[in-house]
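Listing of target_1.cif; format and content: mmCIF, C-alpha atoms and all ligand atoms.
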```
data_final
loop_
_atom_site.group_PDB
_atom_site.id
_atom_site.type_symbol
_atom_site.label_atom_id
_atom_site.label_comp_id
_atom_site.auth_asym_id
_atom_site.auth_seq_id
_atom_site.Cartn_x
_atom_site.Cartn_y
_atom_site.Cartn_z
ATOM 1 C CA MET A 1 -22.697 -3.449 17.501
ATOM 2 C CA SER A 2 -22.089 -7.152 17.032
ATOM 3 C CA SER A 3 -24.484 -9.883 16.008
ATOM 4 C CA GLY A 4 -21.967 -12.730 16.256
ATOM 5 C CA ILE A 5 -22.243 -13.732 12.594
ATOM 6 C CA LEU A 6 -18.728 -15.204 12.654
ATOM 7 C CA SER A 7 -19.217 -17.030 15.913
ATOM 8 C CA GLY A 8 -17.163 -20.266 15.942
ATOM 9 C CA LYS A 9 -15.276 -19.377 12.757
ATOM 10 C CA LYS A 10 -11.498 -19.339 12.343
ATOM 11 C CA GLY A 11 -9.607 -17.083 9.978
ATOM 12 C CA ILE A 12 -6.272 -15.711 8.809
ATOM 13 C CA ILE A 13 -5.881 -11.997 8.017
ATOM 14 C CA PHE A 14 -3.008 -10.924 5.744
ATOM 15 C CA GLY A 15 -1.893 -7.313 5.415
ATOM 16 C CA ALA A 16 -2.693 -5.297 8.565
ATOM 17 C CA LEU A 17 0.165 -2.799 8.820
ATOM 18 C CA ASP A 18 -1.157 0.059 10.934
ATOM 19 C CA PRO A 19 -4.533 1.270 12.220
ATOM 20 C CA GLN A 20 -5.329 2.803 8.798
ATOM 21 C CA SER A 21 -4.973 -0.550 6.992
ATOM 22 C CA ILE A 22 -8.175 -2.043 5.650
ATOM 23 C CA ALA A 23 -7.038 -5.434 7.011
ATOM 24 C CA TRP A 24 -6.697 -3.890 10.487
ATOM 25 C CA LYS A 25 -10.382 -2.913 10.454
ATOM 26 C CA VAL A 26 -11.367 -6.307 9.069
ATOM 27 C CA ALA A 27 -9.411 -8.080 11.832
ATOM 28 C CA GLU A 28 -11.124 -6.014 14.549
ATOM 29 C CA LYS A 29 -14.545 -6.615 13.035
ATOM 30 C CA CYS A 30 -14.000 -10.369 12.624
ATOM 31 C CA VAL A 31 -13.101 -10.749 16.288
ATOM 32 C CA SER A 32 -15.978 -8.538 17.429
ATOM 33 C CA GLU A 33 -18.286 -10.790 15.382
ATOM 34 C CA GLY A 34 -17.080 -13.869 17.243
ATOM 35 C CA ALA A 35 -14.226 -15.229 15.095
ATOM 36 C CA LYS A 36 -10.824 -16.438 16.233
ATOM 37 C CA ILE A 37 -7.994 -15.304 13.965
ATOM 38 C CA THR A 38 -4.281 -15.232 13.347
ATOM 39 C CA LEU A 39 -2.624 -12.144 11.872
ATOM 40 C CA THR A 40 0.187 -12.184 9.356
ATOM 41 C CA ASN A 41 2.389 -9.774 7.462
ATOM 42 C CA ALA A 42 5.820 -9.671 5.849
ATOM 43 C CA PRO A 43 8.740 -9.824 8.337
ATOM 44 C CA VAL A 44 9.743 -6.250 7.446
ATOM 45 C CA ALA A 45 6.250 -4.994 8.320
ATOM 46 C CA LEU A 46 6.346 -6.759 11.696
ATOM 47 C CA ARG A 47 9.448 -4.784 12.602
ATOM 48 C CA MET A 48 7.303 -1.659 12.836
ATOM 49 C CA GLY A 49 5.743 -3.283 15.894
ATOM 50 C CA GLN A 50 2.173 -2.079 15.433
ATOM 51 C CA LEU A 51 0.743 -5.458 14.437
ATOM 52 C CA GLN A 52 1.848 -7.051 17.715
ATOM 53 C CA LYS A 53 -0.255 -4.471 19.566
ATOM 54 C CA LEU A 54 -3.292 -5.345 17.474
ATOM 55 C CA GLY A 55 -2.613 -9.012 18.181
ATOM 56 C CA GLU A 56 -2.509 -8.351 21.926
ATOM 57 C CA ASN A 57 -5.761 -6.363 21.792
ATOM 58 C CA LEU A 58 -7.555 -9.057 19.805
ATOM 59 C CA GLY A 59 -6.001 -12.108 21.488
ATOM 60 C CA ALA A 60 -4.604 -13.106 18.098
ATOM 61 C CA GLU A 61 -1.186 -14.612 17.395
ATOM 62 C CA VAL A 62 0.996 -12.787 14.873
ATOM 63 C CA ILE A 63 2.919 -14.996 12.418
ATOM 64 C CA ALA A 64 5.489 -13.534 10.013
ATOM 65 C CA ALA A 65 5.125 -14.595 6.383
ATOM 66 C CA ASP A 66 6.272 -13.092 3.131
ATOM 67 C CA ALA A 67 3.242 -13.933 0.976
ATOM 68 C CA THR A 68 5.499 -14.564 -2.040
ATOM 69 C CA ASN A 69 7.433 -17.279 -0.181
ATOM 70 C CA LEU A 70 5.917 -20.786 -0.251
ATOM 71 C CA GLU A 71 7.801 -22.016 2.828
ATOM 72 C CA ASP A 72 6.564 -19.028 4.833
ATOM 73 C CA LEU A 73 3.011 -19.777 3.720
ATOM 74 C CA GLU A 74 3.301 -23.460 4.678
ATOM 75 C CA ASN A 75 4.593 -22.471 8.098
ATOM 76 C CA LEU A 76 1.808 -19.896 8.497
ATOM 77 C CA PHE A 77 -0.918 -22.406 7.644
ATOM 78 C CA ALA A 78 0.529 -25.159 9.842
ATOM 79 C CA LYS A 79 0.897 -22.820 12.837
ATOM 80 C CA SER A 80 -2.503 -21.182 12.344
ATOM 81 C CA GLN A 81 -4.275 -24.549 12.300
ATOM 82 C CA GLN A 82 -2.408 -25.540 15.456
ATOM 83 C CA ILE A 83 -3.220 -22.290 17.269
ATOM 84 C CA LEU A 84 -6.841 -22.130 16.113
ATOM 85 C CA ASP A 85 -7.284 -25.885 16.564
ATOM 86 C CA GLY A 86 -8.566 -26.946 13.172
ATOM 87 C CA GLN A 87 -9.254 -25.976 9.605
ATOM 88 C CA ILE A 88 -9.670 -22.358 8.505
ATOM 89 C CA ASP A 89 -13.060 -20.875 7.559
ATOM 90 C CA PHE A 90 -11.871 -17.603 6.025
ATOM 91 C CA LEU A 91 -8.810 -15.888 4.554
ATOM 92 C CA LEU A 92 -8.292 -12.213 3.710
ATOM 93 C CA HIS A 93 -5.604 -11.271 1.164
ATOM 94 C CA SER A 94 -5.035 -7.535 1.684
ATOM 95 C CA ILE A 95 -1.622 -7.111 0.065
ATOM 96 C CA GLY A 96 -0.424 -4.640 -2.520
ATOM 97 C CA MET A 97 2.796 -2.878 -3.433
ATOM 98 C CA SER A 98 4.239 -1.444 -6.645
ATOM 99 C CA LEU A 99 7.985 -0.957 -6.849
ATOM 100 C CA ASN A 100 7.725 1.267 -9.917
ATOM 101 C CA VAL A 101 5.135 3.527 -8.253
ATOM 102 C CA ARG A 102 7.143 3.634 -5.065
ATOM 103 C CA LYS A 103 10.323 4.553 -6.945
ATOM 104 C CA GLY A 104 8.584 7.175 -9.074
ATOM 105 C CA LYS A 105 8.891 5.396 -12.454
ATOM 106 C CA SER A 106 6.222 6.425 -14.941
ATOM 107 C CA TYR A 107 4.021 3.876 -16.767
ATOM 108 C CA THR A 108 5.841 4.499 -20.053
ATOM 109 C CA ASP A 109 9.253 3.956 -18.492
ATOM 110 C CA LEU A 110 8.770 0.897 -16.287
ATOM 111 C CA ASN A 111 11.591 -1.180 -14.872
ATOM 112 C CA TYR A 112 10.612 -4.764 -15.749
ATOM 113 C CA ASP A 113 12.496 -6.410 -12.890
ATOM 114 C CA TRP A 114 10.531 -4.259 -10.489
ATOM 115 C CA MET A 115 7.333 -5.042 -12.385
ATOM 116 C CA GLN A 116 7.927 -8.786 -11.859
ATOM 117 C CA LYS A 117 8.180 -8.140 -8.128
ATOM 118 C CA THR A 118 5.067 -5.977 -8.156
ATOM 119 C CA LEU A 119 3.088 -8.745 -9.838
ATOM 120 C CA ASP A 120 4.496 -11.370 -7.478
ATOM 121 C CA ILE A 121 3.661 -9.382 -4.324
ATOM 122 C CA SER A 122 0.329 -7.915 -5.418
ATOM 123 C CA ALA A 123 -1.205 -10.730 -7.499
ATOM 124 C CA ILE A 124 0.728 -14.004 -7.763
ATOM 125 C CA SER A 125 0.876 -14.111 -3.949
ATOM 126 C CA PHE A 126 -2.918 -14.612 -4.059
ATOM 127 C CA HIS A 127 -2.461 -17.729 -6.185
ATOM 128 C CA LYS A 128 0.361 -18.888 -3.909
ATOM 129 C CA VAL A 129 -1.844 -18.455 -0.832
ATOM 130 C CA MET A 130 -4.700 -20.427 -2.402
ATOM 131 C CA GLN A 131 -2.524 -23.155 -3.937
ATOM 132 C CA THR A 132 -0.677 -23.719 -0.662
ATOM 133 C CA ALA A 133 -3.960 -23.738 1.279
ATOM 134 C CA LYS A 134 -5.452 -26.275 -1.143
ATOM 135 C CA LYS A 135 -2.415 -28.568 -1.131
ATOM 136 C CA MET A 136 -2.355 -28.571 2.677
ATOM 137 C CA ASP A 137 -6.150 -28.952 2.848
ATOM 138 C CA VAL A 138 -6.341 -25.898 5.095
ATOM 139 C CA MET A 139 -9.809 -24.638 4.165
ATOM 140 C CA ALA A 140 -12.909 -25.937 5.936
ATOM 141 C CA GLU A 141 -15.882 -27.031 3.795
ATOM 142 C CA GLY A 142 -17.931 -23.965 2.763
ATOM 143 C CA GLY A 143 -15.163 -21.514 3.698
ATOM 144 C CA SER A 144 -14.618 -18.081 2.165
ATOM 145 C CA ILE A 145 -11.585 -16.365 0.625
ATOM 146 C CA VAL A 146 -11.517 -12.635 -0.167
ATOM 147 C CA ALA A 147 -8.877 -10.423 -1.792
ATOM 148 C CA LEU A 148 -9.008 -6.640 -2.082
ATOM 149 C CA THR A 149 -8.783 -4.964 -5.458
ATOM 150 C CA TYR A 150 -9.394 -1.675 -7.277
ATOM 151 C CA ILE A 151 -11.420 -0.555 -10.320
ATOM 152 C CA ALA A 152 -8.218 0.316 -12.209
ATOM 153 C CA ALA A 153 -8.342 -3.374 -13.230
ATOM 154 C CA GLN A 154 -11.231 -2.417 -15.592
ATOM 155 C CA ARG A 155 -10.853 1.325 -16.276
ATOM 156 C CA VAL A 156 -7.827 3.548 -16.828
ATOM 157 C CA PHE A 157 -6.533 5.563 -13.871
ATOM 158 C CA PRO A 158 -3.122 6.661 -15.213
ATOM 159 C CA ASP A 159 -1.324 7.209 -11.901
ATOM 160 C CA TYR A 160 -2.231 3.681 -10.703
ATOM 161 C CA SER A 161 0.365 2.518 -13.247
ATOM 162 C CA GLU A 162 1.359 -1.177 -13.247
ATOM 163 C CA MET A 163 -0.914 -1.858 -10.261
ATOM 164 C CA ALA A 164 -3.779 -1.871 -12.805
ATOM 165 C CA GLU A 165 -2.320 -5.009 -14.404
ATOM 166 C CA ALA A 166 -1.576 -6.483 -10.980
ATOM 167 C CA LYS A 167 -5.226 -6.055 -9.963
ATOM 168 C CA ALA A 168 -6.507 -7.488 -13.264
ATOM 169 C CA LEU A 169 -4.355 -10.567 -12.644
ATOM 170 C CA LEU A 170 -5.477 -10.791 -9.018
ATOM 171 C CA GLU A 171 -9.154 -10.712 -10.024
ATOM 172 C CA SER A 172 -8.569 -13.374 -12.663
ATOM 173 C CA PHE A 173 -6.872 -15.650 -10.108
ATOM 174 C CA GLY A 174 -9.950 -15.201 -7.905
ATOM 175 C CA ARG A 175 -12.282 -16.386 -10.674
ATOM 176 C CA SER A 176 -10.106 -19.274 -11.833
ATOM 177 C CA PHE A 177 -9.274 -20.596 -8.370
ATOM 178 C CA GLY A 178 -12.908 -20.065 -7.355
ATOM 179 C CA TYR A 179 -13.802 -22.865 -9.761
ATOM 180 C CA HIS A 180 -11.271 -25.306 -8.279
ATOM 181 C CA PHE A 181 -12.095 -24.468 -4.655
ATOM 182 C CA GLY A 182 -15.834 -24.554 -5.376
ATOM 183 C CA VAL A 183 -15.928 -28.056 -6.824
ATOM 184 C CA ASN A 184 -13.370 -29.231 -4.292
ATOM 185 C CA LYS A 185 -14.898 -28.055 -0.999
ATOM 186 C CA LYS A 186 -17.596 -25.487 -1.726
ATOM 187 C CA VAL A 187 -15.117 -22.780 -0.739
ATOM 188 C CA ARG A 188 -16.011 -19.339 -2.157
ATOM 189 C CA VAL A 189 -13.402 -17.017 -3.692
ATOM 190 C CA ASN A 190 -14.263 -13.364 -4.363
ATOM 191 C CA THR A 191 -12.525 -10.037 -4.812
ATOM 192 C CA ILE A 192 -13.847 -6.805 -3.305
ATOM 193 C CA SER A 193 -13.184 -3.682 -5.355
ATOM 194 C CA GLN A 194 -12.867 -0.931 -2.762
ATOM 195 C CA SER A 195 -13.115 2.882 -2.997
ATOM 196 C CA PRO A 196 -9.917 4.904 -2.617
ATOM 197 C CA THR A 197 -9.045 4.706 1.067
ATOM 198 C CA LYS A 198 -6.476 6.735 3.011
ATOM 199 C CA THR A 199 -3.929 4.050 3.936
ATOM 200 C CA THR A 200 -0.179 3.600 3.448
ATOM 201 C CA ALA A 201 -0.648 1.715 0.159
ATOM 202 C CA GLY A 202 -3.397 4.069 -1.084
ATOM 203 C CA SER A 203 -1.578 7.289 -0.294
ATOM 204 C CA GLY A 204 1.512 6.010 -2.168
ATOM 205 C CA VAL A 205 -0.276 6.667 -5.477
ATOM 206 C CA LYS A 206 0.559 10.069 -7.029
ATOM 207 C CA GLY A 207 -2.266 12.614 -6.737
ATOM 208 C CA PHE A 208 -4.138 10.375 -4.280
ATOM 209 C CA ASP A 209 -5.739 13.214 -2.273
ATOM 210 C CA GLU A 210 -7.200 14.919 -5.365
ATOM 211 C CA PHE A 211 -8.402 11.604 -6.677
ATOM 212 C CA PHE A 212 -9.955 10.697 -3.323
ATOM 213 C CA GLU A 213 -11.957 13.950 -3.442
ATOM 214 C CA TYR A 214 -13.008 13.314 -7.057
ATOM 215 C CA ALA A 215 -14.277 9.799 -6.244
ATOM 216 C CA GLU A 216 -16.025 11.144 -3.155
ATOM 217 C CA LYS A 217 -18.004 13.593 -5.319
ATOM 218 C CA MET A 218 -18.608 11.156 -8.170
ATOM 219 C CA SER A 219 -20.082 8.398 -5.960
ATOM 220 C CA PRO A 220 -23.733 8.911 -4.977
ATOM 221 C CA LEU A 221 -22.988 7.394 -1.558
ATOM 222 C CA GLY A 222 -19.520 8.927 -1.281
ATOM 223 C CA ASN A 223 -16.368 6.834 -0.854
ATOM 224 C CA ALA A 224 -16.703 3.613 1.108
ATOM 225 C CA SER A 225 -14.572 3.772 4.260
ATOM 226 C CA ALA A 226 -12.215 1.060 5.514
ATOM 227 C CA GLU A 227 -14.736 0.376 8.299
ATOM 228 C CA SER A 228 -17.566 -0.252 5.855
ATOM 229 C CA CYS A 229 -15.221 -2.442 3.785
ATOM 230 C CA ALA A 230 -14.686 -4.445 6.973
ATOM 231 C CA ASP A 231 -18.464 -4.810 7.419
ATOM 232 C CA PHE A 232 -18.840 -6.085 3.857
ATOM 233 C CA THR A 233 -15.857 -8.439 4.143
ATOM 234 C CA VAL A 234 -17.262 -9.928 7.345
ATOM 235 C CA MET A 235 -20.544 -10.557 5.534
ATOM 236 C CA MET A 236 -18.594 -12.347 2.781
ATOM 237 C CA PHE A 237 -16.976 -14.543 5.452
ATOM 238 C CA SER A 238 -20.352 -15.334 7.038
ATOM 239 C CA ASP A 239 -22.864 -18.063 6.211
ATOM 240 C CA TYR A 240 -25.163 -15.424 4.661
ATOM 241 C CA THR A 241 -23.148 -15.444 1.411
ATOM 242 C CA LYS A 242 -22.656 -19.177 0.840
ATOM 243 C CA MET A 243 -23.622 -19.067 -2.854
ATOM 244 C CA ILE A 244 -21.515 -16.069 -3.928
ATOM 245 C CA THR A 245 -18.294 -17.054 -5.623
ATOM 246 C CA MET A 246 -15.937 -16.085 -8.485
ATOM 247 C CA GLN A 247 -17.215 -12.494 -8.351
ATOM 248 C CA ASN A 248 -15.567 -9.118 -8.366
ATOM 249 C CA LEU A 249 -17.831 -7.144 -6.034
ATOM 250 C CA PHE A 250 -17.751 -3.348 -6.152
ATOM 251 C CA HIS A 251 -17.783 -1.725 -2.738
ATOM 252 C CA ASP A 252 -17.480 1.854 -3.874
ATOM 253 C CA GLY A 253 -20.576 3.905 -3.070
ATOM 254 C CA GLY A 254 -21.791 3.507 -6.673
ATOM 255 C CA PHE A 255 -18.671 4.935 -8.379
ATOM 256 C CA SER A 256 -18.276 2.036 -10.828
ATOM 257 C CA ASN A 257 -21.671 2.619 -12.466
ATOM 258 C CA MET A 258 -21.465 6.420 -12.734
ATOM 259 C CA GLY A 259 -20.857 8.215 -16.019
ATOM 260 C CA LEU A 260 -21.128 11.795 -14.833
ATOM 261 C CA ASN A 261 -22.142 13.366 -11.567
ATOM 262 C CA PRO A 262 -23.051 17.057 -12.115
ATOM 263 C CA VAL A 263 -21.546 17.854 -8.704
ATOM 264 C CA VAL A 264 -18.098 17.166 -10.183
ATOM 265 C CA LEU A 265 -18.571 19.975 -12.758
ATOM 266 C CA LYS A 266 -19.432 22.608 -10.168
HETATM 267 N N1 LIG A 301 -6.176 2.159 -0.072
HETATM 268 C C1 LIG A 301 -6.850 2.150 -1.203
HETATM 269 O O1 LIG A 301 -7.184 3.204 -1.785
HETATM 270 C C2 LIG A 301 -7.276 0.831 -1.798
HETATM 271 C C3 LIG A 301 -8.352 0.797 -2.712
HETATM 272 C C4 LIG A 301 -8.704 -0.431 -3.281
HETATM 273 C C5 LIG A 301 -7.991 -1.583 -2.932
HETATM 274 N N2 LIG A 301 -6.957 -1.507 -2.037
HETATM 275 C C6 LIG A 301 -6.223 -2.733 -1.717
HETATM 276 O O2 LIG A 301 -6.405 -3.065 -0.370
HETATM 277 C C7 LIG A 301 -5.310 -3.888 0.053
HETATM 278 C C8 LIG A 301 -4.776 -3.389 1.374
HETATM 279 O O3 LIG A 301 -4.154 -2.138 1.214
HETATM 280 P P1 LIG A 301 -4.335 -0.929 2.231
HETATM 281 O O4 LIG A 301 -4.888 0.198 1.447
HETATM 282 O O5 LIG A 301 -5.026 -1.372 3.469
HETATM 283 O O6 LIG A 301 -2.809 -0.515 2.527
HETATM 284 P P2 LIG A 301 -1.718 -1.084 3.562
HETATM 285 O O7 LIG A 301 -0.445 -0.451 3.117
HETATM 286 O O8 LIG A 301 -2.151 -0.862 4.936
HETATM 287 O O9 LIG A 301 -1.687 -2.665 3.253
HETATM 288 C C9 LIG A 301 -0.857 -3.272 2.285
HETATM 289 C C10 LIG A 301 -0.205 -4.459 2.984
HETATM 290 O O10 LIG A 301 0.543 -5.292 2.086
HETATM 291 C C11 LIG A 301 1.571 -5.854 2.896
HETATM 292 N N3 LIG A 301 2.609 -6.502 2.096
HETATM 293 C C12 LIG A 301 3.437 -5.918 1.170
HETATM 294 N N4 LIG A 301 4.296 -6.833 0.693
HETATM 295 C C13 LIG A 301 4.001 -8.022 1.302
HETATM 296 C C14 LIG A 301 4.539 -9.336 1.227
HETATM 297 N N5 LIG A 301 5.556 -9.634 0.397
HETATM 298 N N6 LIG A 301 4.005 -10.319 2.012
HETATM 299 C C15 LIG A 301 2.973 -10.035 2.843
HETATM 300 N N7 LIG A 301 2.416 -8.806 2.956
HETATM 301 C C16 LIG A 301 2.933 -7.816 2.197
HETATM 302 C C17 LIG A 301 2.103 -4.627 3.634
HETATM 303 O O11 LIG A 301 2.977 -4.945 4.700
HETATM 304 C C18 LIG A 301 0.776 -4.019 4.082
HETATM 305 O O12 LIG A 301 0.367 -4.554 5.328
HETATM 306 C C19 LIG A 301 -4.313 -3.878 -1.100
HETATM 307 O O13 LIG A 301 -4.502 -5.020 -1.916
HETATM 308 C C20 LIG A 301 -4.715 -2.637 -1.855
HETATM 309 O O14 LIG A 301 -4.287 -2.638 -3.212
HETATM 310 C C21 LIG A 301 -6.608 -0.335 -1.455
#
```

Just give me the structure as structure tokens.
Ligand SMILES: NC(=O)c1ccc[n+]([C@@H]2O[C@H](COP(=O)([O-])OP(=O)(O)OC[C@H]3O[C@@H](n4cnc5c(N)ncnc54)[C@H](O)[C@@H]3O)[C@@H](O)[C@H]2O)c1
Amino acid sequence: MSSGILSGKKGIIFGALDPQSIAWKVAEKCVSEGAKITLTNAPVALRMGQLQKLGENLGAEVIAADATNLEDLENLFAKSQQILDGQIDFLLHSIGMSLNVRKGKSYTDLNYDWMQKTLDISAISFHKVMQTAKKMDVMAEGGSIVALTYIAAQRVFPDYSEMAEAKALLESFGRSFGYHFGVNKKVRVNTISQSPTKTTAGSGVKGFDEFFEYAEKMSPLGNASAESCADFTVMMFSDYTKMITMQNLFHDGGFSNMGLNPVVLK
């Protein structure tokens, strides 16, 4: 069901990899709500070929960009403005990857070169996206920028490892850049802290299935799905949220405010 709340808006969606990706659902929802978008992902992700299919289905151009590479970002923004014919109303940063987690290194035995890469891909890329967009004056007045994050930025979830620090940094970049974009062009910057979701990035975390079940029981509303995350993200891109900025918004079925749910003890 669509109400056209993004009608006339133009956006760029980072991070759709396959149909499980949260960004995939957001892209579909944005277009069904009337937006025109471009899709982007790292060159290596494009080789899998799935994103091109999404692009064809949505009538959206796919532009390769490594989000840690400034030249790629400049090219992405220039091309997107050309294709969409003007400034951009919304951006989704849906990017995360930990080299140490992927390579099975424990939190007390981290490889620091890999950690630098993790922070660059998962957090500093958000600053790079915003700084490049600001320098090129890409964002339209009153636009909206969202990045996806996880509650391990505030609480300890041991198997999330160095991604906890990456998410804390990401959320801080959202707040700090939110100030600069707000005074500059009334552009909002927020992070959405999403429930565990069965995607490629999510399932890469050790013990993910058990943890998914735990969070499902702990949350009064259950885990928020990727589809409902897409609904919320679309609302954050719409004109109904013009005064929300510099926030970390929990989209987690209530998990973040629970202490104990008796169901978990049964
Ligand atoms: N799945 C979960 O449980 C969960 C929960 C909370 C937050 N998140 C966050 O949601 C976001 C999306 O993850 P997802 O769960 O949809 O998984 P996903 O694996 O589908 O998406 C991660 C994306 O990051 C992209 N990426 C990696 N390196 C990149 C680079 N250098 N340049 C550009 N793109 C790059 C990947 O290609 C992929 O498309 C991430 O920030 C993730 O941390 C996920």

(message) One number please: atom CA of A:Lys25 to atom CA of A:Thr245, in Å, one decimal.
(response)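 So the two atoms, atom CA of A:Lys25 and atom CA of A:Thr245, lie 22.8 Å apart.
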
(request) With only C-alpha atoms and all ligand atoms counted, collect every polymer residue having an atom within 8 Å of ligand LIG 301 (chain A); state the result as a PyMOL selection string. (result) chain A and resi 14-24+40-46+65-69+93-97+121-122+125+147-151+163+167+192-203+226

(request) Evaluate the PyMOL selection byres (((chain A and resi 213) around 12) and not hetatm) here and jot the selected residues down as a list in words. (result) Ser195, Pro196, Thr197, Lys198, Gly207, Phe208, Asp209, Glu210, Phe211, Phe212, Tyr214, Ala215, Glu216, Lys217, Met218, Ser219, Gly222, Asn223, Val263 and Val264 of chain A

(message) Please enumerate the residues selected by the PyMOL selection byres (((chain A and resi 160) around 10) and not hetatm) when evaluated against the supplied file, formatted as a list of chain:residue names.
(response) A:Ser98, A:Val101, A:Ser106, A:Tyr107, A:Tyr150, A:Ala152, A:Ala153, A:Val156, A:Phe157, A:Pro158, A:Asp159, A:Ser161, A:Glu162, A:Met163, A:Ala164, A:Glu165, A:Gly202, A:Gly204, A:Val205, A:Lys206, A:Gly207, A:Phe208

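A straight line drawn from atom CA of A:Lys10 to atom CA of A:Ile124 is 24.1 Å long.
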
(request) Can you work out which one of A:His127, A:Thr132, A:Asp113, A:Phe237 has the shortest atom-to-atom distance to A:Ala35, counting only C-alpha atoms? (result)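 Among A:His127, A:Thr132, A:Asp113, A:Phe237, it is A:Phe237 that comes nearest to A:Ala35.
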
Selection under test: the PyMOL selection byres (((chain A and resi 134) around 12) and not hetatm); residues as an mmCIF file with C-alpha atoms, keeping the file's coordinate frame:
```cif
data_model
loop_
_atom_site.group_PDB
_atom_site.id
_atom_site.type_symbol
_atom_site.label_atom_id
_atom_site.label_comp_id
_atom_site.auth_asym_id
_atom_site.auth_seq_id
_atom_site.Cartn_x
_atom_site.Cartn_y
_atom_site.Cartn_z
ATOM 1 C CA LEU A 73 3.011 -19.777 3.720
ATOM 2 C CA GLU A 74 3.301 -23.460 4.678
ATOM 3 C CA PHE A 77 -0.918 -22.406 7.644
ATOM 4 C CA GLN A 87 -9.254 -25.976 9.605
ATOM 5 C CA ILE A 88 -9.670 -22.358 8.505
ATOM 6 C CA HIS A 127 -2.461 -17.729 -6.185
ATOM 7 C CA LYS A 128 0.361 -18.888 -3.909
ATOM 8 C CA VAL A 129 -1.844 -18.455 -0.832
ATOM 9 C CA MET A 130 -4.700 -20.427 -2.402
ATOM 10 C CA GLN A 131 -2.524 -23.155 -3.937
ATOM 11 C CA THR A 132 -0.677 -23.719 -0.662
ATOM 12 C CA ALA A 133 -3.960 -23.738 1.279
ATOM 13 C CA LYS A 135 -2.415 -28.568 -1.131
ATOM 14 C CA MET A 136 -2.355 -28.571 2.677
ATOM 15 C CA ASP A 137 -6.150 -28.952 2.848
ATOM 16 C CA VAL A 138 -6.341 -25.898 5.095
ATOM 17 C CA MET A 139 -9.809 -24.638 4.165
ATOM 18 C CA ALA A 140 -12.909 -25.937 5.936
ATOM 19 C CA GLU A 141 -15.882 -27.031 3.795
ATOM 20 C CA GLY A 143 -15.163 -21.514 3.698
ATOM 21 C CA ILE A 145 -11.585 -16.365 0.625
ATOM 22 C CA PHE A 177 -9.274 -20.596 -8.370
ATOM 23 C CA GLY A 178 -12.908 -20.065 -7.355
ATOM 24 C CA HIS A 180 -11.271 -25.306 -8.279
ATOM 25 C CA PHE A 181 -12.095 -24.468 -4.655
ATOM 26 C CA GLY A 182 -15.834 -24.554 -5.376
ATOM 27 C CA ASN A 184 -13.370 -29.231 -4.292
ATOM 28 C CA LYS A 185 -14.898 -28.055 -0.999
ATOM 29 C CA VAL A 187 -15.117 -22.780 -0.739
#
```

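Proximity ranking of A:Ala123, A:Leu84, A:Val62, A:Leu249 relative to A:Arg47 places A:Val62 first, based on only C-alpha atoms.
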
Can you give me N, CA and C atoms for stretch 175-186 of chain A, written as a PDB file, keeping the file's coordinate frame?
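Final output, saved to part28.pdb:
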```pdb
ATOM      1  N   ARG A 175     -11.281 -15.638  -9.882  1.00  0.00           N
ATOM      2  CA  ARG A 175     -12.282 -16.386 -10.674  1.00  0.00           C
ATOM      3  C   ARG A 175     -11.814 -17.815 -10.937  1.00  0.00           C
ATOM      4  N   SER A 176     -10.579 -17.944 -11.432  1.00  0.00           N
ATOM      5  CA  SER A 176     -10.106 -19.274 -11.833  1.00  0.00           C
ATOM      6  C   SER A 176      -9.990 -20.217 -10.640  1.00  0.00           C
ATOM      7  N   PHE A 177      -9.422 -19.726  -9.543  1.00  0.00           N
ATOM      8  CA  PHE A 177      -9.274 -20.596  -8.370  1.00  0.00           C
ATOM      9  C   PHE A 177     -10.634 -20.843  -7.719  1.00  0.00           C
ATOM     10  N   GLY A 178     -11.542 -19.884  -7.894  1.00  0.00           N
ATOM     11  CA  GLY A 178     -12.908 -20.065  -7.355  1.00  0.00           C
ATOM     12  C   GLY A 178     -13.545 -21.328  -7.906  1.00  0.00           C
ATOM     13  N   TYR A 179     -13.273 -21.623  -9.175  1.00  0.00           N
ATOM     14  CA  TYR A 179     -13.802 -22.865  -9.761  1.00  0.00           C
ATOM     15  C   TYR A 179     -13.238 -24.063  -8.997  1.00  0.00           C
ATOM     16  N   HIS A 180     -11.916 -24.126  -8.878  1.00  0.00           N
ATOM     17  CA  HIS A 180     -11.271 -25.306  -8.279  1.00  0.00           C
ATOM     18  C   HIS A 180     -11.676 -25.483  -6.813  1.00  0.00           C
ATOM     19  N   PHE A 181     -11.715 -24.372  -6.070  1.00  0.00           N
ATOM     20  CA  PHE A 181     -12.095 -24.468  -4.655  1.00  0.00           C
ATOM     21  C   PHE A 181     -13.593 -24.781  -4.498  1.00  0.00           C
ATOM     22  N   GLY A 182     -14.385 -24.315  -5.450  1.00  0.00           N
ATOM     23  CA  GLY A 182     -15.834 -24.554  -5.376  1.00  0.00           C
ATOM     24  C   GLY A 182     -16.157 -26.026  -5.531  1.00  0.00           C
ATOM     25  N   VAL A 183     -15.623 -26.636  -6.594  1.00  0.00           N
ATOM     26  CA  VAL A 183     -15.928 -28.056  -6.824  1.00  0.00           C
ATOM     27  C   VAL A 183     -15.236 -28.924  -5.774  1.00  0.00           C
ATOM     28  N   ASN A 184     -14.136 -28.446  -5.260  1.00  0.00           N
ATOM     29  CA  ASN A 184     -13.370 -29.231  -4.292  1.00  0.00           C
ATOM     30  C   ASN A 184     -14.056 -29.268  -2.921  1.00  0.00           C
ATOM     31  N   LYS A 185     -14.378 -28.081  -2.378  1.00  0.00           N
ATOM     32  CA  LYS A 185     -14.898 -28.055  -0.999  1.00  0.00           C
ATOM     33  C   LYS A 185     -15.952 -26.992  -0.752  1.00  0.00           C
ATOM     34  N   LYS A 186     -16.591 -26.550  -1.832  1.00  0.00           N
ATOM     35  CA  LYS A 186     -17.596 -25.487  -1.726  1.00  0.00           C
ATOM     36  C   LYS A 186     -17.047 -24.226  -1.054  1.00  0.00           C
TER      37      LYS A 186
END
```
